[in-house]
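Let me begin by presenting the structure, written as structure tokens, before commenting on it.
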Amino acid sequence: MSASHNPSSASATNAVVTRFAPSPTGFLHIGNARTGLFSWLYARHHGGTALLRVEDTDKTRSTQGAIDVILDGLEWLGLDWDGKVHFQSEFEKRHAEVAHQLIERGAAYRCYLTPQELAKRREKAQAERRPFRIESEWRDCSSDGPEDAPFVVRLKAPREGETAIDDLVQGRVAVANAEIDDFVLLRSDGTPTYMLAVVVDDHDMGVTHIIRGDDHLNNAFRQLAIIRAMDWPEPAYAHIPLIHGPDGAKLSKRHGALGVHDYRETGILPEALFNYLLRLGWGHGDDEIISREQAIAWFDLDHVGKSPSRFDLKKLESLNAHYIREADDTRLAGLVAGRLGLGETDIELLVRAMPELKARAHDLNQLADGARFLFARRPLAMGEGAAALLTPESRALLRAAHQALCKVATWEHDELETVVREVADQAGVKLGKLAQPLRAALTGRSTSPGIFDVLALLGQCESLDRIADQMVEPNE
Ligand code: GLU
């Protein structure tokens, strides 16, 4: 974490202050992660402050586990936040205080309409086929309701004119004030609604730019009504389109994994997901591979598209393959060792094998799978493709190879290549005819890194033993 900032002094100097405000839902949705990424990048690009506020007012969902999932996911993606993490639930008293200030200003009122009364009015409106709007007789009443009767606090929403927002992504969006009803600020149990809490917190945290999903655009008009009633500075808004699935429908479970953790588990590297989410909805010319530093240098809201972007797993995988190839071999070996349950002593072999292994994997699970043969115990189980390569003819070739390889004094790639080629030549077959059964014997698979690399990695003794295991028919 970078040094703590003082948001109020930041706003006093017009510096950018953004916030990411996830609600704990049990997982970090990739769409939310992208919102977090954009908020973070915008602040970093402008040398401003990136704040994180966990909106934990829903007590049933906001378990420590659900909060940790969000914090872990963000940390894994490399998004660090300035100052401490804010928790919305800590500010409930302050939310209520602002609701009461609004009443004092004549901008909000205590409404004693009961839920039953409201339901009756809603039904009546439905029966008469007219839209239901709260028209509370308490709006302009200067007296309080019956003693001890429960009440909610409602905003006296403006009724004339329109409210417009110059959204940094959506452009100018306006709504007739007649559409905005007197929504609730404080519930009858005294707890604040999301609409009030978010405005108070954004104000108190000195937030200058609200970057979030466009599912919140409608809320922005209501939130502005509170901000204006309090005479607070208005933040800039940037509502980014949601992510859709490849079929154009809003991304949902049926499109596959939704959580950042799911991608982490399949073995997507954080820098690949960072790059992918960045490009999903934002562009910088034709650049596809964008480093964290470039992202900070280039990110702006002008190039965030207005229409929803489509999630494309193939593209994510190909970016991931790129980042795997670029990644440090020791780091990759550590990640793979964890997946294969290997110990410290196996890491050295993994690191040596990594340049070959990583050229063929688009995620860490695949990378781990490709590394498995290195640690397999003899006699190796033959996979289906490998078993098919072991015929009486190819076993004879293996015997010839075994004989020649026994005599190799310098067990190195080039020397091994010379010897194996000679064996093929002498048998009058193409190299592939020998390389394929050799690969099967050495790895139990029909695909692997180059056969001379495999021999070199396994070492002379293990290679010869694995070949010997397969050079005769099992029941011969
Ligand atoms: N907590 C809200 C959510 O997760 C976001 C609120 C906001 O950004 O204003 O959707």
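Residues are referred to by chain and number: the chain letter is A, B, ... according to the order shown in the structure tokens, the number counts from 1 in that chain, and ligands are numbered separately from 1 in the order shown.
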Distance table requested - chain A against ligand 1, cut-off 10 Å, only C-alpha atoms and all ligand atoms: one row per qualifying residue with the closest atom pair and its distance in Å to one decimal, ordered by chain and rising residue number, as CSV.
residue,atom,partner,partner_atom_place_in_ligand_line,distance
A:Arg19,CA,ligand 1,8 (O),8.0
A:Phe20,CA,ligand 1,8 (O),6.5
A:Ala21,CA,ligand 1,1 (N),5.0
A:Pro22,CA,ligand 1,4 (O),3.9
A:Ser23,CA,ligand 1,4 (O),4.3
A:Pro24,CA,ligand 1,4 (O),7.6
A:Thr25,CA,ligand 1,4 (O),8.5
A:Leu28,CA,ligand 1,4 (O),9.8
A:His29,CA,ligand 1,4 (O),9.7
A:Asn32,CA,ligand 1,4 (O),7.3
A:Thr35,CA,ligand 1,8 (O),8.8
A:Gly36,CA,ligand 1,8 (O),9.5
A:Arg53,CA,ligand 1,1 (N),8.5
A:Val54,CA,ligand 1,1 (N),7.4
A:Glu55,CA,ligand 1,1 (N),5.3
A:Asp56,CA,ligand 1,1 (N),8.3
A:Thr57,CA,ligand 1,1 (N),9.5
A:Gln88,CA,ligand 1,1 (N),9.6
A:Tyr194,CA,ligand 1,6 (C),7.9
A:Met195,CA,ligand 1,9 (O),8.3
A:Ala197,CA,ligand 1,9 (O),9.4
A:Val198,CA,ligand 1,9 (O),6.0
A:Val199,CA,ligand 1,9 (O),8.1
A:Asp201,CA,ligand 1,9 (O),9.9
A:Asp202,CA,ligand 1,9 (O),8.6
A:Ile210,CA,ligand 1,8 (O),7.1
A:Ile211,CA,ligand 1,8 (O),7.1
A:Arg212,CA,ligand 1,8 (O),5.1
A:Gly213,CA,ligand 1,8 (O),7.2
A:Asp214,CA,ligand 1,8 (O),9.5
A:Asp215,CA,ligand 1,10 (O),8.0
A:His216,CA,ligand 1,9 (O),6.6
A:Leu217,CA,ligand 1,9 (O),9.2
A:Asn219,CA,ligand 1,9 (O),8.1
A:Ala220,CA,ligand 1,9 (O),8.2
A:Gln223,CA,ligand 1,9 (O),9.2
A:His239,CA,ligand 1,8 (O),9.4
Serialized selection, C-alpha atoms, as a PDB file, in the first residue's frame:
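To be explicit, this is the file written out as result_4.pdb:
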ATOM      1  CA  ARG A  19     -13.224   4.959  -5.144  1.00  0.00           C
ATOM      2  CA  PHE A  20     -14.144   1.384  -5.851  1.00  0.00           C
ATOM      3  CA  ALA A  21     -17.167   0.357  -3.803  1.00  0.00           C
ATOM      4  CA  PRO A  22     -17.839  -3.382  -4.070  1.00  0.00           C
ATOM      5  CA  SER A  23     -20.533  -5.120  -2.041  1.00  0.00           C
ATOM      6  CA  PRO A  24     -19.481  -8.495  -0.652  1.00  0.00           C
ATOM      7  CA  THR A  25     -21.485 -11.073  -2.575  1.00  0.00           C
ATOM      8  CA  LEU A  28     -15.383 -10.868  -7.004  1.00  0.00           C
ATOM      9  CA  HIS A  29     -17.235 -10.697 -10.317  1.00  0.00           C
ATOM     10  CA  ASN A  32     -16.695  -5.558 -10.807  1.00  0.00           C
ATOM     11  CA  THR A  35     -14.716  -1.387 -12.567  1.00  0.00           C
ATOM     12  CA  GLY A  36     -12.141  -1.524  -9.772  1.00  0.00           C
ATOM     13  CA  ARG A  53     -14.833   1.134   0.247  1.00  0.00           C
ATOM     14  CA  VAL A  54     -16.437  -2.158   1.063  1.00  0.00           C
ATOM     15  CA  GLU A  55     -20.207  -1.690   1.066  1.00  0.00           C
ATOM     16  CA  ASP A  56     -20.981  -4.090   3.851  1.00  0.00           C
ATOM     17  CA  THR A  57     -24.322  -2.815   5.092  1.00  0.00           C
ATOM     18  CA  GLN A  88     -19.518   1.466   4.923  1.00  0.00           C
ATOM     19  CA  TYR A 194     -27.753   2.429  -0.207  1.00  0.00           C
ATOM     20  CA  MET A 195     -28.816   5.664  -1.948  1.00  0.00           C
ATOM     21  CA  ALA A 197     -25.001   5.899   2.341  1.00  0.00           C
ATOM     22  CA  VAL A 198     -23.160   6.023  -0.968  1.00  0.00           C
ATOM     23  CA  VAL A 199     -23.617   9.793  -1.330  1.00  0.00           C
ATOM     24  CA  ASP A 201     -19.486   8.329   2.000  1.00  0.00           C
ATOM     25  CA  ASP A 202     -18.419   9.641  -1.406  1.00  0.00           C
ATOM     26  CA  ILE A 210     -17.293   8.056  -9.580  1.00  0.00           C
ATOM     27  CA  ILE A 211     -16.428   5.294 -12.025  1.00  0.00           C
ATOM     28  CA  ARG A 212     -18.822   2.358 -11.875  1.00  0.00           C
ATOM     29  CA  GLY A 213     -21.086   0.062 -13.897  1.00  0.00           C
ATOM     30  CA  ASP A 214     -23.853   1.645 -15.948  1.00  0.00           C
ATOM     31  CA  ASP A 215     -26.412  -0.355 -13.957  1.00  0.00           C
ATOM     32  CA  HIS A 216     -25.990   2.517 -11.482  1.00  0.00           C
ATOM     33  CA  LEU A 217     -26.781   5.295 -13.968  1.00  0.00           C
ATOM     34  CA  ASN A 219     -29.166   5.850  -9.198  1.00  0.00           C
ATOM     35  CA  ALA A 220     -26.931   8.768 -10.145  1.00  0.00           C
ATOM     36  CA  GLN A 223     -27.874  10.618  -5.685  1.00  0.00           C
ATOM     37  CA  HIS A 239     -20.738   4.869 -16.037  1.00  0.00           C
TER      38      HIS A 239
END
Exercise. Near region 70-74 of chain A, counting only C-alpha atoms, which residues have an atom at most 8 Å away, once you skip same-chain residues fewer than 4 positions from it, shown as a PyMOL selection string?
Worked result: chain A and resi 22+24+27-28+33+66+78-80+260-261
Exercise. Which polymer residues have any atom within 12 Å of an atom of Leu458 (chain A), counting only C-alpha atoms, with same-chain residues fewer than 5 positions away left out, as an MDAnalysis selection string?
Worked result: chainID A and resid 349:350 352:353 371 373:376 411:413 439 442:443 451:453 463:467
Got time to write the residues from that selection, N, CA and C atoms, as a short mmCIF file (atom, residue, chain, number, x, y, z; two decimals), in the first residue's frame?
data_model
loop_
_atom_site.label_atom_id
_atom_site.label_comp_id
_atom_site.auth_asym_id
_atom_site.auth_seq_id
_atom_site.Cartn_x
_atom_site.Cartn_y
_atom_site.Cartn_z
N LEU A 349 14.50 -29.05 -11.12
CA LEU A 349 14.22 -29.71 -12.39
C LEU A 349 13.13 -28.95 -13.16
N LEU A 350 12.11 -28.51 -12.41
CA LEU A 350 11.03 -27.75 -13.05
C LEU A 350 11.55 -26.47 -13.70
N ARG A 352 14.52 -25.91 -14.81
CA ARG A 352 15.30 -26.25 -16.01
C ARG A 352 14.37 -26.60 -17.18
N ALA A 353 13.26 -27.26 -16.86
CA ALA A 353 12.35 -27.69 -17.92
C ALA A 353 11.46 -26.55 -18.42
N ALA A 371 4.06 -30.81 -17.23
CA ALA A 371 5.28 -31.06 -16.43
C ALA A 371 5.22 -32.39 -15.69
N PHE A 373 5.09 -35.49 -16.43
CA PHE A 373 5.92 -36.65 -16.81
C PHE A 373 7.29 -36.62 -16.13
N LEU A 374 7.76 -35.40 -15.82
CA LEU A 374 9.09 -35.29 -15.21
C LEU A 374 9.15 -36.02 -13.88
N PHE A 375 8.01 -36.06 -13.19
CA PHE A 375 7.99 -36.59 -11.83
C PHE A 375 7.24 -37.92 -11.73
N ALA A 376 6.88 -38.48 -12.89
CA ALA A 376 6.11 -39.74 -12.88
C ALA A 376 7.00 -40.89 -12.40
N TRP A 411 25.81 -36.39 -21.86
CA TRP A 411 24.33 -36.43 -21.97
C TRP A 411 23.80 -35.01 -22.16
N GLU A 412 23.97 -34.52 -23.40
CA GLU A 412 23.52 -33.16 -23.69
C GLU A 412 22.75 -33.13 -24.99
N HIS A 413 21.88 -32.12 -25.10
CA HIS A 413 20.97 -32.01 -26.24
C HIS A 413 21.61 -32.36 -27.59
N ARG A 439 9.16 -40.69 -27.34
CA ARG A 439 8.37 -39.75 -26.55
C ARG A 439 7.37 -40.50 -25.68
N LEU A 442 9.19 -42.16 -22.82
CA LEU A 442 9.78 -41.24 -21.84
C LEU A 442 8.75 -40.43 -21.08
N THR A 443 7.60 -40.19 -21.71
CA THR A 443 6.62 -39.29 -21.07
C THR A 443 5.25 -39.94 -20.84
N ILE A 451 12.06 -33.99 -28.12
CA ILE A 451 12.51 -35.25 -27.53
C ILE A 451 13.94 -35.18 -26.97
N PHE A 452 14.81 -34.36 -27.60
CA PHE A 452 16.19 -34.26 -27.08
C PHE A 452 16.20 -33.49 -25.76
N ASP A 453 15.29 -32.53 -25.66
CA ASP A 453 15.18 -31.80 -24.38
C ASP A 453 14.66 -32.73 -23.30
N SER A 463 16.21 -41.96 -18.23
CA SER A 463 15.78 -42.11 -19.63
C SER A 463 15.93 -43.56 -20.07
N LEU A 464 17.10 -44.15 -19.79
CA LEU A 464 17.34 -45.53 -20.22
C LEU A 464 16.34 -46.48 -19.56
N ASP A 465 16.08 -46.25 -18.28
CA ASP A 465 15.13 -47.13 -17.57
C ASP A 465 13.73 -47.02 -18.17
N ARG A 466 13.32 -45.80 -18.49
CA ARG A 466 11.97 -45.63 -19.05
C ARG A 466 11.88 -46.28 -20.44
N ILE A 467 12.98 -46.17 -21.21
CA ILE A 467 12.96 -46.80 -22.54
C ILE A 467 12.91 -48.33 -22.37
#
So that I can check the surroundings of region 90-100 of chain A, please list as a PDB file with N, CA, C and O atoms, in the first residue's frame every protein, DNA and RNA residue that reaches within 8 Å of it, counting only C-alpha atoms and ignoring chain neighbours fewer than 4 positions away.
ATOM      1  N   GLU A 104     -33.885  19.076   8.504  1.00  0.00           N
ATOM      2  CA  GLU A 104     -33.777  20.456   9.001  1.00  0.00           C
ATOM      3  C   GLU A 104     -33.747  21.463   7.858  1.00  0.00           C
ATOM      4  O   GLU A 104     -34.275  22.556   7.971  1.00  0.00           O
ATOM      5  N   ALA A 108     -35.987  16.946   3.237  1.00  0.00           N
ATOM      6  CA  ALA A 108     -36.437  15.575   3.456  1.00  0.00           C
ATOM      7  C   ALA A 108     -37.535  15.628   4.521  1.00  0.00           C
ATOM      8  O   ALA A 108     -37.693  16.642   5.201  1.00  0.00           O
ATOM      9  N   VAL A 153     -37.584   8.159   6.491  1.00  0.00           N
ATOM     10  CA  VAL A 153     -37.244   9.510   6.047  1.00  0.00           C
ATOM     11  C   VAL A 153     -37.118   9.469   4.525  1.00  0.00           C
ATOM     12  O   VAL A 153     -36.409   8.629   3.978  1.00  0.00           O
ATOM     13  N   LEU A 185     -34.506   7.504   2.497  1.00  0.00           N
ATOM     14  CA  LEU A 185     -33.121   7.733   2.926  1.00  0.00           C
ATOM     15  C   LEU A 185     -32.800   6.907   4.164  1.00  0.00           C
ATOM     16  O   LEU A 185     -31.745   6.294   4.265  1.00  0.00           O
ATOM     17  N   LEU A 186     -33.759   6.923   5.114  1.00  0.00           N
ATOM     18  CA  LEU A 186     -33.600   6.115   6.341  1.00  0.00           C
ATOM     19  C   LEU A 186     -34.808   5.215   6.476  1.00  0.00           C
ATOM     20  O   LEU A 186     -35.947   5.671   6.351  1.00  0.00           O
ATOM     21  N   GLY A 190     -34.270   2.992  11.264  1.00  0.00           N
ATOM     22  CA  GLY A 190     -33.203   3.990  11.409  1.00  0.00           C
ATOM     23  C   GLY A 190     -31.972   3.699  10.563  1.00  0.00           C
ATOM     24  O   GLY A 190     -31.009   4.467  10.576  1.00  0.00           O
ATOM     25  N   THR A 191     -31.973   2.589   9.826  1.00  0.00           N
ATOM     26  CA  THR A 191     -30.781   2.280   9.031  1.00  0.00           C
ATOM     27  C   THR A 191     -30.840   3.016   7.687  1.00  0.00           C
ATOM     28  O   THR A 191     -31.916   3.224   7.136  1.00  0.00           O
ATOM     29  N   PRO A 192     -29.670   3.401   7.173  1.00  0.00           N
ATOM     30  CA  PRO A 192     -29.635   4.157   5.918  1.00  0.00           C
ATOM     31  C   PRO A 192     -29.831   3.241   4.707  1.00  0.00           C
ATOM     32  O   PRO A 192     -29.496   2.061   4.761  1.00  0.00           O
ATOM     33  N   LEU A 196     -28.561   6.784   0.178  1.00  0.00           N
ATOM     34  CA  LEU A 196     -28.036   7.815   1.080  1.00  0.00           C
ATOM     35  C   LEU A 196     -26.580   7.519   1.445  1.00  0.00           C
ATOM     36  O   LEU A 196     -25.715   8.392   1.355  1.00  0.00           O
ATOM     37  N   ALA A 197     -26.322   6.261   1.828  1.00  0.00           N
ATOM     38  CA  ALA A 197     -25.001   5.899   2.341  1.00  0.00           C
ATOM     39  C   ALA A 197     -23.910   6.218   1.318  1.00  0.00           C
ATOM     40  O   ALA A 197     -22.872   6.788   1.641  1.00  0.00           O
ATOM     41  N   VAL A 200     -23.214  10.031   1.044  1.00  0.00           N
ATOM     42  CA  VAL A 200     -22.529  10.577   2.219  1.00  0.00           C
ATOM     43  C   VAL A 200     -21.070  10.131   2.227  1.00  0.00           C
ATOM     44  O   VAL A 200     -20.151  10.925   2.420  1.00  0.00           O
ATOM     45  N   ASP A 201     -20.861   8.838   1.972  1.00  0.00           N
ATOM     46  CA  ASP A 201     -19.486   8.329   2.000  1.00  0.00           C
ATOM     47  C   ASP A 201     -18.644   8.960   0.897  1.00  0.00           C
ATOM     48  O   ASP A 201     -17.500   9.341   1.128  1.00  0.00           O
TER      49      ASP A 201
END
Exercise. Pick the closest to Glu473 (chain A) from A:Ile268, A:Leu438, A:Leu416, A:Ala387: which is it, counting only C-alpha atoms?
Worked result: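 Closest to Glu473 (chain A) of all the choices is A:Ala387.
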Using only C-alpha atoms, which residues sit within 12 Å of Thr447 (chain A) once same-chain residues fewer than 5 positions away are excluded, as a PDB file with all heavy atoms, in the first residue's frame?
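Just written: result-v1.pdb:
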ATOM      1  N   LEU A 357       8.592 -26.177 -21.438  1.00  0.00           N
ATOM      2  CA  LEU A 357       7.203 -26.420 -21.041  1.00  0.00           C
ATOM      3  C   LEU A 357       6.314 -25.206 -21.300  1.00  0.00           C
ATOM      4  O   LEU A 357       5.186 -25.323 -21.773  1.00  0.00           O
ATOM      5  CB  LEU A 357       7.134 -26.761 -19.546  1.00  0.00           C
ATOM      6  CG  LEU A 357       7.777 -28.071 -19.108  1.00  0.00           C
ATOM      7  CD1 LEU A 357       7.775 -28.171 -17.582  1.00  0.00           C
ATOM      8  CD2 LEU A 357       7.019 -29.268 -19.710  1.00  0.00           C
ATOM      9  N   ARG A 360       4.253 -24.144 -24.478  1.00  0.00           N
ATOM     10  CA  ARG A 360       3.105 -24.905 -24.948  1.00  0.00           C
ATOM     11  C   ARG A 360       1.854 -24.758 -24.101  1.00  0.00           C
ATOM     12  O   ARG A 360       0.928 -25.538 -24.276  1.00  0.00           O
ATOM     13  CB  ARG A 360       3.419 -26.410 -24.945  1.00  0.00           C
ATOM     14  CG  ARG A 360       4.746 -26.763 -25.397  1.00  0.00           C
ATOM     15  CD  ARG A 360       5.004 -28.232 -25.409  1.00  0.00           C
ATOM     16  NE  ARG A 360       5.649 -28.561 -26.657  1.00  0.00           N
ATOM     17  CZ  ARG A 360       6.847 -28.147 -27.011  1.00  0.00           C
ATOM     18  NH1 ARG A 360       7.545 -27.377 -26.204  1.00  0.00           N
ATOM     19  NH2 ARG A 360       7.369 -28.490 -28.171  1.00  0.00           N
ATOM     20  N   ASP A 369       0.174 -29.858 -16.102  1.00  0.00           N
ATOM     21  CA  ASP A 369      -0.089 -31.146 -16.724  1.00  0.00           C
ATOM     22  C   ASP A 369       1.083 -31.557 -17.629  1.00  0.00           C
ATOM     23  O   ASP A 369       1.510 -32.703 -17.626  1.00  0.00           O
ATOM     24  CB  ASP A 369      -1.390 -31.028 -17.537  1.00  0.00           C
ATOM     25  CG  ASP A 369      -1.940 -32.385 -17.860  1.00  0.00           C
ATOM     26  OD1 ASP A 369      -1.917 -33.232 -16.941  1.00  0.00           O
ATOM     27  OD2 ASP A 369      -2.349 -32.598 -19.012  1.00  0.00           O
ATOM     28  N   GLY A 370       1.587 -30.584 -18.358  1.00  0.00           N
ATOM     29  CA  GLY A 370       2.716 -30.849 -19.255  1.00  0.00           C
ATOM     30  C   GLY A 370       3.984 -31.205 -18.495  1.00  0.00           C
ATOM     31  O   GLY A 370       4.895 -31.833 -19.043  1.00  0.00           O
ATOM     32  N   ALA A 371       4.057 -30.812 -17.225  1.00  0.00           N
ATOM     33  CA  ALA A 371       5.275 -31.059 -16.432  1.00  0.00           C
ATOM     34  C   ALA A 371       5.217 -32.390 -15.693  1.00  0.00           C
ATOM     35  O   ALA A 371       6.214 -32.879 -15.168  1.00  0.00           O
ATOM     36  CB  ALA A 371       5.462 -29.940 -15.424  1.00  0.00           C
ATOM     37  N   PHE A 373       5.092 -35.493 -16.425  1.00  0.00           N
ATOM     38  CA  PHE A 373       5.925 -36.649 -16.815  1.00  0.00           C
ATOM     39  C   PHE A 373       7.287 -36.621 -16.130  1.00  0.00           C
ATOM     40  O   PHE A 373       7.899 -37.650 -15.883  1.00  0.00           O
ATOM     41  CB  PHE A 373       6.095 -36.710 -18.340  1.00  0.00           C
ATOM     42  CG  PHE A 373       7.095 -35.735 -18.892  1.00  0.00           C
ATOM     43  CD1 PHE A 373       8.446 -36.084 -19.001  1.00  0.00           C
ATOM     44  CD2 PHE A 373       6.714 -34.466 -19.310  1.00  0.00           C
ATOM     45  CE1 PHE A 373       9.377 -35.187 -19.507  1.00  0.00           C
ATOM     46  CE2 PHE A 373       7.634 -33.565 -19.810  1.00  0.00           C
ATOM     47  CZ  PHE A 373       8.972 -33.927 -19.906  1.00  0.00           C
ATOM     48  N   GLY A 383      -0.562 -43.216 -21.776  1.00  0.00           N
ATOM     49  CA  GLY A 383      -1.834 -42.615 -22.199  1.00  0.00           C
ATOM     50  C   GLY A 383      -2.278 -43.279 -23.499  1.00  0.00           C
ATOM     51  O   GLY A 383      -1.494 -43.990 -24.130  1.00  0.00           O
ATOM     52  N   GLU A 384      -3.529 -42.995 -23.869  1.00  0.00           N
ATOM     53  CA  GLU A 384      -4.087 -43.662 -25.054  1.00  0.00           C
ATOM     54  C   GLU A 384      -3.244 -43.437 -26.308  1.00  0.00           C
ATOM     55  O   GLU A 384      -2.870 -44.374 -27.004  1.00  0.00           O
ATOM     56  CB  GLU A 384      -5.487 -43.099 -25.298  1.00  0.00           C
ATOM     57  CG  GLU A 384      -6.468 -44.149 -25.766  1.00  0.00           C
ATOM     58  CD  GLU A 384      -7.849 -43.531 -25.862  1.00  0.00           C
ATOM     59  OE1 GLU A 384      -8.492 -43.351 -24.803  1.00  0.00           O
ATOM     60  OE2 GLU A 384      -8.241 -43.218 -26.989  1.00  0.00           O
ATOM     61  N   GLY A 385      -2.901 -42.164 -26.554  1.00  0.00           N
ATOM     62  CA  GLY A 385      -2.116 -41.813 -27.744  1.00  0.00           C
ATOM     63  C   GLY A 385      -0.757 -42.477 -27.700  1.00  0.00           C
ATOM     64  O   GLY A 385      -0.244 -42.967 -28.716  1.00  0.00           O
ATOM     65  N   ALA A 386      -0.160 -42.530 -26.514  1.00  0.00           N
ATOM     66  CA  ALA A 386       1.180 -43.107 -26.373  1.00  0.00           C
ATOM     67  C   ALA A 386       1.130 -44.609 -26.608  1.00  0.00           C
ATOM     68  O   ALA A 386       1.989 -45.167 -27.318  1.00  0.00           O
ATOM     69  CB  ALA A 386       1.722 -42.794 -24.984  1.00  0.00           C
ATOM     70  N   LEU A 389       1.322 -45.748 -30.071  1.00  0.00           N
ATOM     71  CA  LEU A 389       2.618 -45.568 -30.755  1.00  0.00           C
ATOM     72  C   LEU A 389       3.571 -46.744 -30.517  1.00  0.00           C
ATOM     73  O   LEU A 389       4.604 -46.854 -31.154  1.00  0.00           O
ATOM     74  CB  LEU A 389       3.288 -44.279 -30.270  1.00  0.00           C
ATOM     75  CG  LEU A 389       2.613 -42.973 -30.686  1.00  0.00           C
ATOM     76  CD1 LEU A 389       3.193 -41.801 -29.904  1.00  0.00           C
ATOM     77  CD2 LEU A 389       2.779 -42.751 -32.187  1.00  0.00           C
ATOM     78  N   ALA A 435      11.296 -40.943 -32.942  1.00  0.00           N
ATOM     79  CA  ALA A 435      11.030 -39.925 -31.907  1.00  0.00           C
ATOM     80  C   ALA A 435       9.683 -40.168 -31.233  1.00  0.00           C
ATOM     81  O   ALA A 435       9.541 -39.986 -30.023  1.00  0.00           O
ATOM     82  CB  ALA A 435      11.075 -38.530 -32.517  1.00  0.00           C
ATOM     83  N   GLN A 436       8.707 -40.608 -32.012  1.00  0.00           N
ATOM     84  CA  GLN A 436       7.361 -40.785 -31.431  1.00  0.00           C
ATOM     85  C   GLN A 436       7.302 -41.872 -30.355  1.00  0.00           C
ATOM     86  O   GLN A 436       6.834 -41.615 -29.258  1.00  0.00           O
ATOM     87  CB  GLN A 436       6.350 -41.043 -32.520  1.00  0.00           C
ATOM     88  CG  GLN A 436       5.949 -39.749 -33.217  1.00  0.00           C
ATOM     89  CD  GLN A 436       4.842 -39.971 -34.196  1.00  0.00           C
ATOM     90  OE1 GLN A 436       4.905 -40.928 -34.969  1.00  0.00           O
ATOM     91  NE2 GLN A 436       3.841 -39.113 -34.166  1.00  0.00           N
ATOM     92  N   PRO A 437       7.777 -43.105 -30.656  1.00  0.00           N
ATOM     93  CA  PRO A 437       7.782 -44.090 -29.561  1.00  0.00           C
ATOM     94  C   PRO A 437       8.705 -43.705 -28.415  1.00  0.00           C
ATOM     95  O   PRO A 437       8.421 -44.017 -27.259  1.00  0.00           O
ATOM     96  CB  PRO A 437       8.248 -45.387 -30.240  1.00  0.00           C
ATOM     97  CG  PRO A 437       8.822 -44.998 -31.547  1.00  0.00           C
ATOM     98  CD  PRO A 437       8.170 -43.711 -31.950  1.00  0.00           C
ATOM     99  N   LEU A 438       9.787 -42.994 -28.745  1.00  0.00           N
ATOM    100  CA  LEU A 438      10.678 -42.531 -27.669  1.00  0.00           C
ATOM    101  C   LEU A 438       9.914 -41.600 -26.735  1.00  0.00           C
ATOM    102  O   LEU A 438      10.001 -41.707 -25.514  1.00  0.00           O
ATOM    103  CB  LEU A 438      11.841 -41.742 -28.272  1.00  0.00           C
ATOM    104  CG  LEU A 438      13.201 -42.426 -28.369  1.00  0.00           C
ATOM    105  CD1 LEU A 438      14.233 -41.425 -28.903  1.00  0.00           C
ATOM    106  CD2 LEU A 438      13.652 -42.975 -27.022  1.00  0.00           C
ATOM    107  N   ARG A 439       9.162 -40.694 -27.338  1.00  0.00           N
ATOM    108  CA  ARG A 439       8.370 -39.747 -26.546  1.00  0.00           C
ATOM    109  C   ARG A 439       7.370 -40.505 -25.675  1.00  0.00           C
ATOM    110  O   ARG A 439       7.215 -40.218 -24.492  1.00  0.00           O
ATOM    111  CB  ARG A 439       7.640 -38.797 -27.485  1.00  0.00           C
ATOM    112  CG  ARG A 439       6.581 -37.967 -26.797  1.00  0.00           C
ATOM    113  CD  ARG A 439       6.012 -36.920 -27.716  1.00  0.00           C
ATOM    114  NE  ARG A 439       6.979 -35.864 -27.931  1.00  0.00           N
ATOM    115  CZ  ARG A 439       7.429 -35.477 -29.109  1.00  0.00           C
ATOM    116  NH1 ARG A 439       6.998 -36.065 -30.211  1.00  0.00           N
ATOM    117  NH2 ARG A 439       8.309 -34.512 -29.206  1.00  0.00           N
ATOM    118  N   ALA A 440       6.721 -41.511 -26.293  1.00  0.00           N
ATOM    119  CA  ALA A 440       5.744 -42.300 -25.538  1.00  0.00           C
ATOM    120  C   ALA A 440       6.424 -42.959 -24.343  1.00  0.00           C
ATOM    121  O   ALA A 440       5.934 -42.885 -23.208  1.00  0.00           O
ATOM    122  CB  ALA A 440       5.106 -43.349 -26.446  1.00  0.00           C
ATOM    123  N   ALA A 441       7.584 -43.577 -24.586  1.00  0.00           N
ATOM    124  CA  ALA A 441       8.267 -44.292 -23.513  1.00  0.00           C
ATOM    125  C   ALA A 441       8.729 -43.336 -22.412  1.00  0.00           C
ATOM    126  O   ALA A 441       8.658 -43.642 -21.228  1.00  0.00           O
ATOM    127  CB  ALA A 441       9.462 -45.054 -24.078  1.00  0.00           C
ATOM    128  N   LEU A 442       9.195 -42.158 -22.820  1.00  0.00           N
ATOM    129  CA  LEU A 442       9.784 -41.237 -21.841  1.00  0.00           C
ATOM    130  C   LEU A 442       8.754 -40.427 -21.079  1.00  0.00           C
ATOM    131  O   LEU A 442       8.999 -40.003 -19.951  1.00  0.00           O
ATOM    132  CB  LEU A 442      10.749 -40.273 -22.554  1.00  0.00           C
ATOM    133  CG  LEU A 442      11.999 -40.920 -23.154  1.00  0.00           C
ATOM    134  CD1 LEU A 442      12.716 -39.949 -24.087  1.00  0.00           C
ATOM    135  CD2 LEU A 442      12.949 -41.390 -22.046  1.00  0.00           C
ATOM    136  N   VAL A 454      13.689 -33.580 -23.682  1.00  0.00           N
ATOM    137  CA  VAL A 454      13.123 -34.499 -22.685  1.00  0.00           C
ATOM    138  C   VAL A 454      14.220 -35.444 -22.171  1.00  0.00           C
ATOM    139  O   VAL A 454      14.370 -35.635 -20.955  1.00  0.00           O
ATOM    140  CB  VAL A 454      11.945 -35.298 -23.303  1.00  0.00           C
ATOM    141  CG1 VAL A 454      11.514 -36.423 -22.373  1.00  0.00           C
ATOM    142  CG2 VAL A 454      10.769 -34.371 -23.592  1.00  0.00           C
TER     143      VAL A 454
END
